[in-house]
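Peer 1: Just so it is clear, I am handing over work-v8.tsv, which has TSV, C-alpha atoms.
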```tsv
chain	number	residue	atom	x	y	z
A	1	MET	CA	94.31	33.55	164.88
A	2	SER	CA	92.30	33.98	161.68
A	3	ARG	CA	88.57	34.22	162.34
A	4	THR	CA	86.22	34.34	159.39
A	5	ILE	CA	82.46	34.26	159.72
A	6	VAL	CA	79.77	33.71	157.10
A	7	ILE	CA	76.63	35.69	157.93
A	8	THR	CA	73.55	34.59	156.00
A	9	GLY	CA	70.43	36.71	155.68
A	10	ALA	CA	72.89	39.59	155.70
A	11	SER	CA	70.52	42.25	154.39
A	12	GLY	CA	67.91	41.36	156.99
A	13	LEU	CA	67.17	42.82	160.38
A	14	VAL	CA	69.55	40.68	162.43
A	15	GLY	CA	72.02	39.93	159.65
A	16	SER	CA	73.13	43.49	158.94
A	17	ALA	CA	73.55	44.27	162.64
A	18	THR	CA	75.58	41.09	163.05
A	19	ILE	CA	77.92	42.26	160.28
A	20	ASP	CA	78.56	45.48	162.19
A	21	SER	CA	79.12	43.61	165.45
A	22	PHE	CA	81.72	41.27	163.93
A	23	LEU	CA	83.45	44.05	161.99
A	24	ASN	CA	83.66	46.05	165.21
A	25	ALA	CA	85.29	43.02	166.82
A	26	ASP	CA	87.86	42.83	163.97
A	27	TRP	CA	86.66	39.62	162.37
A	28	ASP	CA	86.83	38.84	158.65
A	29	VAL	CA	83.23	38.88	157.45
A	30	ILE	CA	81.58	37.24	154.44
A	31	SER	CA	77.98	38.40	154.10
A	32	VAL	CA	75.43	36.40	152.15
A	33	SER	CA	72.15	37.77	150.81
A	34	ARG	CA	70.61	38.51	147.45
A	35	ARG	CA	71.04	42.26	147.96
A	36	ARG	CA	74.06	43.92	149.55
A	37	PRO	CA	73.43	44.84	153.20
A	38	GLU	CA	73.42	48.42	154.41
A	39	VAL	CA	75.71	48.66	157.44
A	40	PHE	CA	77.23	51.37	159.61
A	41	SER	CA	80.85	50.21	159.71
A	42	ASP	CA	83.27	51.53	157.09
A	43	LYS	CA	85.44	48.41	157.41
A	44	LYS	CA	85.68	46.17	154.38
A	45	PHE	CA	83.83	42.88	154.10
A	46	THR	CA	83.11	40.39	151.33
A	47	HIS	CA	79.60	40.09	150.01
A	48	LEU	CA	78.16	37.13	148.11
A	49	SER	CA	74.80	37.42	146.37
A	50	VAL	CA	73.32	33.95	146.74
A	51	ASP	CA	69.82	32.48	146.67
A	52	LEU	CA	69.87	30.00	149.56
A	53	GLN	CA	67.07	28.01	147.94
A	54	ASP	CA	69.37	27.21	144.99
A	55	PRO	CA	71.64	24.28	145.95
A	56	GLU	CA	73.85	24.63	142.87
A	57	ALA	CA	74.45	28.34	143.57
A	58	CYS	CA	75.23	27.53	147.21
A	59	ASN	CA	77.70	24.80	146.25
A	60	ALA	CA	79.42	27.15	143.83
A	61	SER	CA	79.58	30.02	146.34
A	62	PHE	CA	80.46	28.17	149.55
A	63	GLY	CA	82.39	25.18	148.24
A	64	SER	CA	85.70	27.04	148.08
A	65	LEU	CA	85.50	29.04	151.33
A	66	SER	CA	88.18	27.07	153.17
A	67	GLN	CA	88.97	30.05	155.44
A	68	VAL	CA	85.58	30.06	157.15
A	69	THR	CA	85.55	29.17	160.86
A	70	HIS	CA	82.10	30.36	162.00
A	71	VAL	CA	78.56	30.77	160.68
A	72	ALA	CA	75.81	33.11	161.87
A	73	TYR	CA	72.67	31.82	160.21
A	74	THR	CA	70.11	34.65	160.29
A	75	ALA	CA	68.27	33.92	157.04
A	76	VAL	CA	64.56	33.10	157.08
A	77	TYR	CA	61.94	32.31	154.47
A	78	GLU	CA	58.48	33.75	155.14
A	79	LYS	CA	55.44	33.34	152.89
A	80	PRO	CA	53.31	36.35	151.90
A	81	GLY	CA	50.86	37.27	154.63
A	82	LEU	CA	53.43	36.14	157.21
A	83	ILE	CA	51.50	34.67	160.12
A	84	ALA	CA	49.76	31.78	158.32
A	85	GLY	CA	53.16	30.58	157.14
A	86	TRP	CA	54.34	29.85	160.67
A	87	THR	CA	52.39	26.58	160.66
A	88	ASP	CA	52.89	25.82	156.96
A	89	PRO	CA	54.82	22.55	156.31
A	90	GLU	CA	56.22	23.84	153.02
A	91	GLN	CA	57.67	26.91	154.73
A	92	MET	CA	59.25	24.71	157.40
A	93	SER	CA	60.77	22.45	154.76
A	94	THR	CA	62.14	25.39	152.80
A	95	ASN	CA	63.82	26.87	155.87
A	96	LEU	CA	65.50	23.55	156.64
A	97	THR	CA	66.65	23.15	153.04
A	98	MET	CA	68.17	26.64	153.02
A	99	LEU	CA	70.20	25.85	156.14
A	100	LYS	CA	71.41	22.58	154.63
A	101	ASN	CA	72.40	24.38	151.43
A	102	VAL	CA	74.76	26.53	153.51
A	103	ILE	CA	76.19	24.03	155.97
A	104	THR	CA	76.73	21.11	153.57
A	105	PRO	CA	79.21	22.80	151.21
A	106	LEU	CA	80.85	24.83	153.98
A	107	SER	CA	81.46	21.75	156.11
A	108	LYS	CA	83.22	20.10	153.17
A	109	ALA	CA	85.35	23.11	152.32
A	110	ALA	CA	86.22	24.42	155.79
A	111	THR	CA	86.79	23.36	159.37
A	112	LEU	CA	83.83	24.90	161.14
A	113	GLN	CA	84.20	25.80	164.79
A	114	HIS	CA	80.80	27.28	165.64
A	115	VAL	CA	77.33	27.97	164.22
A	116	SER	CA	74.75	30.40	165.62
A	117	LEU	CA	71.04	29.97	164.90
A	118	LEU	CA	68.02	32.15	165.63
A	119	GLN	CA	64.70	31.04	167.08
A	120	GLY	CA	62.16	33.15	168.99
A	121	THR	CA	59.18	32.97	171.30
A	122	LYS	CA	57.45	30.59	168.87
A	123	ALA	CA	59.87	28.04	170.31
A	124	TYR	CA	57.70	28.18	173.45
A	125	GLY	CA	54.49	27.90	171.40
A	126	ALA	CA	53.58	31.55	172.03
A	127	HIS	CA	51.79	31.73	168.66
A	128	LEU	CA	49.64	28.73	169.56
A	129	HIS	CA	48.80	28.79	173.28
A	130	PRO	CA	49.58	30.51	176.59
A	131	ILE	CA	53.15	29.95	177.75
A	132	ARG	CA	54.79	29.72	181.15
A	133	VAL	CA	55.80	33.09	182.64
A	134	PRO	CA	58.63	33.64	182.37
A	135	ALA	CA	59.58	31.19	179.65
A	136	ARG	CA	62.99	29.70	180.41
A	137	GLU	CA	65.44	27.93	178.16
A	138	ARG	CA	65.53	24.83	180.38
A	139	GLU	CA	61.89	23.97	179.61
A	140	LEU	CA	61.11	20.87	177.58
A	141	ARG	CA	60.65	21.46	173.88
A	142	ASP	CA	57.12	22.59	173.05
A	143	ASP	CA	55.60	19.79	170.99
A	144	HIS	CA	54.55	21.39	167.72
A	145	PRO	CA	56.03	21.28	164.21
A	146	ASN	CA	58.07	24.34	163.30
A	147	SER	CA	61.17	25.39	161.39
A	148	TYR	CA	63.11	25.87	164.61
A	149	TRP	CA	63.06	22.23	165.61
A	150	PHE	CA	63.96	20.99	162.12
A	151	GLN	CA	66.93	23.35	161.93
A	152	GLU	CA	68.05	22.67	165.50
A	153	ASP	CA	67.95	18.90	165.05
A	154	TYR	CA	69.98	19.20	161.86
A	155	ILE	CA	72.63	21.40	163.49
A	156	ARG	CA	72.84	19.08	166.49
A	157	GLU	CA	73.39	16.15	164.11
A	158	LYS	CA	76.08	17.95	162.08
A	159	SER	CA	77.74	19.23	165.27
A	160	ALA	CA	78.06	15.69	166.60
A	161	GLU	CA	79.35	14.48	163.22
A	162	LEU	CA	81.85	17.26	162.52
A	163	GLY	CA	82.77	18.54	165.98
A	164	PHE	CA	81.71	22.18	165.79
A	165	GLY	CA	79.84	24.07	168.53
A	166	TRP	CA	76.46	25.73	168.23
A	167	THR	CA	74.46	28.37	170.08
A	168	ILE	CA	70.78	29.20	169.61
A	169	PHE	CA	69.32	32.61	170.42
A	170	ARG	CA	65.67	33.38	171.06
A	171	PRO	CA	65.05	37.12	170.66
A	172	THR	CA	61.70	38.71	171.41
A	173	ILE	CA	60.41	41.59	169.21
A	174	VAL	CA	63.44	42.83	167.27
A	175	LEU	CA	63.98	46.57	166.80
A	176	GLY	CA	66.23	47.91	164.04
A	177	PRO	CA	66.42	50.05	160.89
A	178	ASN	CA	65.87	47.54	158.11
A	179	VAL	CA	63.18	47.91	155.47
A	180	GLY	CA	61.60	45.35	153.18
A	181	VAL	CA	61.82	42.65	155.86
A	182	ALA	CA	59.27	40.38	157.50
A	183	MET	CA	58.96	41.68	161.05
A	184	ASN	CA	60.24	45.18	161.81
A	185	THR	CA	57.72	47.54	163.39
A	186	ILE	CA	59.99	50.61	163.23
A	187	PRO	CA	59.39	51.54	159.55
A	188	VAL	CA	55.67	50.81	159.98
A	189	ILE	CA	55.47	53.41	162.74
A	190	GLY	CA	57.51	55.88	160.70
A	191	ILE	CA	55.31	55.52	157.63
A	192	TYR	CA	52.05	55.68	159.58
A	193	ALA	CA	53.14	58.83	161.45
A	194	SER	CA	54.34	60.46	158.23
A	195	LEU	CA	51.01	59.75	156.52
A	196	CYS	CA	49.10	61.16	159.51
A	197	ARG	CA	51.16	64.33	159.43
A	198	GLU	CA	50.71	64.76	155.67
A	199	LEU	CA	46.96	64.21	155.90
A	200	GLY	CA	46.53	66.39	158.98
A	201	ARG	CA	44.91	63.51	160.85
A	202	PRO	CA	45.62	62.60	164.49
A	203	PHE	CA	48.28	60.04	165.27
A	204	SER	CA	45.92	57.52	166.88
A	205	TYR	CA	46.99	54.21	168.33
A	206	PRO	CA	45.81	51.66	165.73
A	207	GLY	CA	45.22	48.65	167.97
A	208	HIS	CA	42.22	47.38	169.90
A	209	ILE	CA	43.98	46.18	173.05
A	210	CYS	CA	47.41	47.20	174.31
A	211	TYR	CA	49.40	44.86	176.47
A	212	PRO	CA	52.94	44.61	177.87
A	213	ARG	CA	55.63	43.16	175.64
A	214	GLU	CA	59.38	42.63	175.54
A	215	ALA	CA	61.66	43.78	172.72
A	216	VAL	CA	65.35	43.58	171.89
A	217	ASP	CA	67.57	46.02	170.04
A	218	VAL	CA	69.19	44.41	167.03
A	219	ARG	CA	72.60	45.67	168.16
A	220	LEU	CA	72.26	43.54	171.28
A	221	ILE	CA	71.59	40.44	169.18
A	222	GLY	CA	74.63	41.04	166.98
A	223	ASP	CA	76.86	41.55	170.01
A	224	ALA	CA	75.46	38.42	171.67
A	225	ILE	CA	76.34	36.38	168.57
A	226	VAL	CA	79.92	37.71	168.72
A	227	TRP	CA	80.05	36.90	172.44
A	228	ALA	CA	78.97	33.29	171.82
A	229	ALA	CA	81.33	32.80	168.89
A	230	ASN	CA	84.23	33.73	171.19
A	231	ASN	CA	82.99	31.80	174.22
A	232	PRO	CA	83.04	27.98	174.18
A	233	ASN	CA	81.10	28.00	177.47
A	234	ALA	CA	78.13	29.33	175.46
A	235	TRP	CA	78.27	26.48	172.94
A	236	GLY	CA	75.51	23.94	173.10
A	237	GLU	CA	73.21	26.44	174.82
A	238	HIS	CA	69.97	28.32	174.14
A	239	TYR	CA	69.63	31.95	175.24
A	240	ASN	CA	66.60	34.23	175.38
A	241	LEU	CA	67.34	37.84	174.40
A	242	THR	CA	65.49	41.01	175.46
A	243	ASN	CA	66.42	44.62	176.23
A	244	GLY	CA	65.96	43.77	179.92
A	245	GLU	CA	62.60	45.48	180.48
A	246	VAL	CA	58.93	45.36	179.51
A	247	PHE	CA	57.02	48.03	177.59
A	248	SER	CA	53.78	48.53	175.68
A	249	TRP	CA	53.38	50.08	172.26
A	250	ARG	CA	50.38	52.07	173.48
A	251	ASP	CA	52.41	53.66	176.27
A	252	LEU	CA	55.03	54.74	173.72
A	253	TRP	CA	52.42	56.48	171.55
A	254	PRO	CA	52.33	59.90	173.31
A	255	THR	CA	56.11	60.28	173.21
A	256	LEU	CA	56.12	59.17	169.57
A	257	ALA	CA	53.49	61.79	168.77
A	258	ASP	CA	55.77	64.44	170.29
A	259	TYR	CA	58.73	63.01	168.40
A	260	PHE	CA	56.93	63.22	165.04
A	261	LYS	CA	55.30	66.57	165.89
A	262	VAL	CA	51.82	65.26	165.22
A	263	ASP	CA	48.65	65.54	167.29
A	264	LEU	CA	47.93	62.58	169.51
A	265	GLY	CA	44.42	61.37	168.86
A	266	PRO	CA	42.22	58.92	170.73
A	267	ASP	CA	42.71	55.26	169.97
A	268	VAL	CA	41.24	54.36	166.56
A	269	PRO	CA	41.71	50.71	165.62
A	270	LEU	CA	43.06	50.46	162.08
A	271	ARG	CA	44.24	47.39	160.21
A	272	LEU	CA	47.56	48.71	158.91
A	273	SER	CA	48.08	45.71	156.65
A	274	ASP	CA	45.05	46.96	154.68
A	275	TYR	CA	45.42	50.71	155.15
A	276	LEU	CA	49.08	51.26	154.36
A	277	PRO	CA	49.23	49.49	150.96
A	278	ASP	CA	46.33	51.70	149.82
A	279	GLN	CA	48.45	54.82	150.37
A	280	GLU	CA	51.00	54.20	147.60
A	281	ASP	CA	49.97	57.29	145.60
A	282	LEU	CA	50.23	59.56	148.64
A	283	TRP	CA	53.56	58.03	149.59
A	284	ALA	CA	54.93	58.73	146.10
A	285	LYS	CA	54.04	62.40	146.61
A	286	ILE	CA	55.74	62.38	150.04
A	287	VAL	CA	58.87	60.86	148.50
A	288	THR	CA	59.03	63.66	145.91
A	289	LYS	CA	58.14	66.42	148.38
A	290	TYR	CA	60.83	65.51	150.91
A	291	GLY	CA	63.50	64.14	148.57
A	292	LEU	CA	63.36	60.61	149.94
A	293	ARG	CA	64.75	57.47	148.39
A	294	PRO	CA	62.55	56.44	145.47
A	295	MET	CA	61.05	53.44	147.27
A	296	SER	CA	57.46	52.29	147.22
A	297	LEU	CA	55.58	51.46	150.38
A	298	SER	CA	55.74	47.77	149.51
A	299	ASP	CA	59.54	48.05	149.18
A	300	ILE	CA	59.77	49.54	152.66
A	301	LEU	CA	57.17	47.46	154.45
A	302	GLY	CA	58.00	43.97	153.25
A	303	GLN	CA	55.74	41.83	155.45
A	304	SER	CA	56.15	44.01	158.54
A	305	HIS	CA	52.69	45.59	158.46
A	306	PHE	CA	51.17	42.16	159.10
A	307	SER	CA	53.25	41.62	162.23
A	308	ALA	CA	52.57	45.21	163.34
A	309	ASP	CA	48.83	44.54	163.42
A	310	ALA	CA	49.44	41.62	165.77
A	311	ARG	CA	51.86	43.57	167.94
A	312	PHE	CA	49.52	46.53	168.28
A	313	GLY	CA	46.66	44.24	169.32
A	314	TYR	CA	44.46	44.90	166.30
A	315	GLY	CA	41.41	42.62	166.31
A	316	LEU	CA	41.85	41.43	169.89
A	317	THR	CA	38.75	41.26	172.05
A	318	GLU	CA	40.48	40.37	175.30
A	319	LEU	CA	43.88	40.74	176.89
A	320	PRO	CA	46.18	38.02	175.53
A	321	SER	CA	48.28	35.77	177.71
A	322	PRO	CA	51.68	37.30	178.48
A	323	THR	CA	54.73	36.13	176.53
A	324	PHE	CA	57.53	37.15	178.85
A	325	VAL	CA	60.84	35.32	178.73
A	326	SER	CA	63.64	35.20	181.27
A	327	THR	CA	67.11	36.47	180.36
A	328	VAL	CA	68.70	35.39	183.63
A	329	LYS	CA	70.61	32.57	181.92
A	330	ILE	CA	72.63	34.71	179.50
A	331	LYS	CA	73.27	37.39	182.13
A	332	GLN	CA	74.61	34.80	184.56
A	333	ALA	CA	76.76	33.45	181.72
A	334	GLY	CA	78.38	36.88	181.37
A	335	PHE	CA	76.51	38.75	178.64
A	336	THR	CA	74.78	41.62	180.41
A	337	GLN	CA	74.01	44.18	177.69
A	338	THR	CA	70.70	46.07	178.04
A	339	TYR	CA	68.87	48.85	176.17
A	340	ASP	CA	66.15	51.40	176.90
A	341	THR	CA	63.34	50.34	174.54
A	342	GLU	CA	61.87	53.82	174.10
A	343	GLN	CA	65.29	55.18	173.18
A	344	CYS	CA	65.83	52.25	170.80
A	345	VAL	CA	62.64	53.05	168.90
A	346	LYS	CA	63.61	56.71	168.53
A	347	HIS	CA	67.19	55.82	167.60
A	348	TRP	CA	66.13	53.63	164.71
A	349	LEU	CA	63.52	56.13	163.54
A	350	ASN	CA	66.34	58.68	163.42
A	351	VAL	CA	68.35	56.28	161.29
A	352	LEU	CA	65.44	55.91	158.85
A	353	MET	CA	65.33	59.69	158.57
A	354	ASP	CA	69.08	59.92	158.07
A	355	ARG	CA	68.83	57.30	155.34
A	356	LYS	CA	66.04	59.25	153.65
A	357	ILE	CA	63.53	56.43	154.08
A	358	ILE	CA	61.00	58.55	155.98
A	359	PRO	CA	60.76	62.36	156.21
A	360	THR	CA	62.13	64.37	159.10
A	361	PRO	CA	59.35	66.12	161.09
```
Could you quickly redo this structure as structure tokens?

Peer 2:
Amino acid sequence: MSRTIVITGASGLVGSATIDSFLNADWDVISVSRRRPEVFSDKKFTHLSVDLQDPEACNASFGSLSQVTHVAYTAVYEKPGLIAGWTDPEQMSTNLTMLKNVITPLSKAATLQHVSLLQGTKAYGAHLHPIRVPARERELRDDHPNSYWFQEDYIREKSAELGFGWTIFRPTIVLGPNVGVAMNTIPVIGIYASLCRELGRPFSYPGHICYPREAVDVRLIGDAIVWAANNPNAWGEHYNLTNGEVFSWRDLWPTLADYFKVDLGPDVPLRLSDYLPDQEDLWAKIVTKYGLRPMSLSDILGQSHFSADARFGYGLTELPSPTFVSTVKIKQAGFTQTYDTEQCVKHWLNVLMDRKIIPTP
């Protein structure tokens, strides 16, 4: 049976991993993003460079893809500064429009069988108020405007109209190798450690308050999307995704200091969203010294230094409410993949070194 999936946001954190997962499962893959994704598989796939905010470009690109059976929608629009945009009506409207610009022409050209969407802990209102511990998928929808609800309602409507299935995933903090994206802490850590080593300054934890978190390896997300695409019992369901354990960034810091061969200093709160952009000149020297890819800090960071400040607890004056989610539902449904978070962080830092994004210690 021919199985062809369109993966949007393909150069992003989840999108590129999803390409690898579907290629590994021997699917035909059409990736969609403005820049070609960097993947690990050597299998061939089709790439379309499309601006999802341009309806005419989307109609032209997707209107003839009659072979498509599935969609993994991993694209997201984030405004500069990141966090303020989460409650911005214009950002919500743009994210809904982008989804429509994909589904409308595809649903006319092809017979869709299944669509996967991404949400996150903001679905439980974690960015606005304390949430139930653990947050479970069966809870009533948290009553606040956000892109998730607009996109979900649209997909539910189109599913009922056209007869395709859908699955929605809610990952926690996502760990992977991508640069220039909105929320990936891995390159932030790599850059900060590299700057500390070059300056001879201690590798100090940059937050005010550390607290336990949950994270998920991006490979797990991609494999979960493949699992759902193949599994009608997962259609019409929401699933939380984590590595299967809790951790804290502060508790990782000593092992990261050893990994980077830098001295571990006492905690020194530092707003990385201010500090890192000011180091462009030093980074240019590091790039030349170590033969790295000719990328600026802004090219590598994207918006991720803003989310890193929040994740490291910069500016907090008291311990925040926990944001733990349950993954019992997806495990009971048959998807039981787990990862060691500490090993994930080191794995993806190794990839950034192999790709000549950050220097090897």

Peer 1: Go through A:Ser273, A:Thr111, A:Ser194, A:Thr242 one by one, measure the shortest atom-to-atom distance of each to Tyr314 (chain A) using all atoms listed in the file, and give the residue with the smallest value.

Peer 2: A:Ser273

Peer 1: How many Å lie between CA of Gln279 (chain A) and CA of Lys356 (chain A), rounded to one decimal?

Peer 2: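 A separation of 18.4 Å between them.
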
Peer 1: Need to verify the contact set: region 43-60 of chain A, 12 Å, only C-alpha atoms, exclusion of same-chain residues closer than 5 positions in sequence. Can you return it as number ranges by chain?

Peer 2: A: 4-11, 16, 19-38, 65, 73-77, 91, 93-109

Peer 1: Any idea what the distance is between CA of Leu175 (chain A) and CA of Tyr211 (chain A)?

Peer 2: 17.6 Å

Peer 1: Given only C-alpha atoms as the basis, pick out the residue of A:Lys285, A:His208, A:Val345, A:Ser304 nearest to Glu318 (chain A).

Peer 2: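 Of the candidates, the smallest distance to Glu318 (chain A) is held by A:His208.
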
Peer 1: What is the CA of Glu237 (chain A)-CA of Ala333 (chain A) distance in Å, reported with one decimal?

Peer 2: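 CA of Ala333 (chain A) lies at a distance of 10.5 Å from CA of Glu237 (chain A).
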
Peer 1: Determine, counting all atoms listed in the file, which protein, DNA and RNA residues have an atom within 12 Å of an atom of Pro177 (chain A); residues of the same chain fewer than 2 positions away are not included. Present the result as a ChimeraX atom specification.

Peer 2: /A:11-17,37-40,174-175,179-181,183-190,217-219,300-301,344-358

Peer 1: Please, could you write that set of residues out with C-alpha atoms as a PDB file, keeping the file's coordinate frame?

Peer 2:
```pdb
ATOM      1  CA  SER A  11      70.520  42.250 154.390  1.00  0.00           C
ATOM      2  CA  GLY A  12      67.910  41.360 156.990  1.00  0.00           C
ATOM      3  CA  LEU A  13      67.170  42.820 160.380  1.00  0.00           C
ATOM      4  CA  VAL A  14      69.550  40.680 162.430  1.00  0.00           C
ATOM      5  CA  GLY A  15      72.020  39.930 159.650  1.00  0.00           C
ATOM      6  CA  SER A  16      73.130  43.490 158.940  1.00  0.00           C
ATOM      7  CA  ALA A  17      73.550  44.270 162.640  1.00  0.00           C
ATOM      8  CA  PRO A  37      73.430  44.840 153.200  1.00  0.00           C
ATOM      9  CA  GLU A  38      73.420  48.420 154.410  1.00  0.00           C
ATOM     10  CA  VAL A  39      75.710  48.660 157.440  1.00  0.00           C
ATOM     11  CA  PHE A  40      77.230  51.370 159.610  1.00  0.00           C
ATOM     12  CA  VAL A 174      63.440  42.830 167.270  1.00  0.00           C
ATOM     13  CA  LEU A 175      63.980  46.570 166.800  1.00  0.00           C
ATOM     14  CA  VAL A 179      63.180  47.910 155.470  1.00  0.00           C
ATOM     15  CA  GLY A 180      61.600  45.350 153.180  1.00  0.00           C
ATOM     16  CA  VAL A 181      61.820  42.650 155.860  1.00  0.00           C
ATOM     17  CA  MET A 183      58.960  41.680 161.050  1.00  0.00           C
ATOM     18  CA  ASN A 184      60.240  45.180 161.810  1.00  0.00           C
ATOM     19  CA  THR A 185      57.720  47.540 163.390  1.00  0.00           C
ATOM     20  CA  ILE A 186      59.990  50.610 163.230  1.00  0.00           C
ATOM     21  CA  PRO A 187      59.390  51.540 159.550  1.00  0.00           C
ATOM     22  CA  VAL A 188      55.670  50.810 159.980  1.00  0.00           C
ATOM     23  CA  ILE A 189      55.470  53.410 162.740  1.00  0.00           C
ATOM     24  CA  GLY A 190      57.510  55.880 160.700  1.00  0.00           C
ATOM     25  CA  ASP A 217      67.570  46.020 170.040  1.00  0.00           C
ATOM     26  CA  VAL A 218      69.190  44.410 167.030  1.00  0.00           C
ATOM     27  CA  ARG A 219      72.600  45.670 168.160  1.00  0.00           C
ATOM     28  CA  ILE A 300      59.770  49.540 152.660  1.00  0.00           C
ATOM     29  CA  LEU A 301      57.170  47.460 154.450  1.00  0.00           C
ATOM     30  CA  CYS A 344      65.830  52.250 170.800  1.00  0.00           C
ATOM     31  CA  VAL A 345      62.640  53.050 168.900  1.00  0.00           C
ATOM     32  CA  LYS A 346      63.610  56.710 168.530  1.00  0.00           C
ATOM     33  CA  HIS A 347      67.190  55.820 167.600  1.00  0.00           C
ATOM     34  CA  TRP A 348      66.130  53.630 164.710  1.00  0.00           C
ATOM     35  CA  LEU A 349      63.520  56.130 163.540  1.00  0.00           C
ATOM     36  CA  ASN A 350      66.340  58.680 163.420  1.00  0.00           C
ATOM     37  CA  VAL A 351      68.350  56.280 161.290  1.00  0.00           C
ATOM     38  CA  LEU A 352      65.440  55.910 158.850  1.00  0.00           C
ATOM     39  CA  MET A 353      65.330  59.690 158.570  1.00  0.00           C
ATOM     40  CA  ASP A 354      69.080  59.920 158.070  1.00  0.00           C
ATOM     41  CA  ARG A 355      68.830  57.300 155.340  1.00  0.00           C
ATOM     42  CA  LYS A 356      66.040  59.250 153.650  1.00  0.00           C
ATOM     43  CA  ILE A 357      63.530  56.430 154.080  1.00  0.00           C
ATOM     44  CA  ILE A 358      61.000  58.550 155.980  1.00  0.00           C
TER      45      ILE A 358
END
```

Peer 1: Hey, which of A:Val328, A:Ala193, A:Leu117, A:Arg141 ends up closest to Gly222 (chain A)? Count all atoms listed in the file.

Peer 2: A:Leu117

Peer 1: Got a sec: who's within 9 Å of Val287 (chain A), counting all atoms listed in the file, leaving out chain neighbours fewer than 4 positions off, as a list in words?

Peer 2: Leu282, Trp283, Gly291, Leu292, Arg293, Pro294, Met295, Ser296, Lys356, Ile357, Ile358 and Pro359 of chain A

Peer 1: Identify, on the basis of only C-alpha atoms, every residue whose closest approach to region 254-263 of chain A does not exceed 8 Å; exclude the query and any residue fewer than 5 positions from it along the same chain; express the result as a list in words.

Peer 2: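 Neighbouring residues, sequence-local ones excluded: Ala193, Ser194, Cys196, Arg197, Arg201, Pro202, Phe203, Lys346, Thr360 and Pro361 of chain A.
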
Peer 1: Give me the residues within 12 Å of Glu214 (chain A) as an MDAnalysis selection string, counting only C-alpha atoms and dropping any in the same chain fewer than 2 places off.

Peer 2: chainID A and resid 120:121 134 171:175 211:212 216:217 240:249 311 322:327 339:342
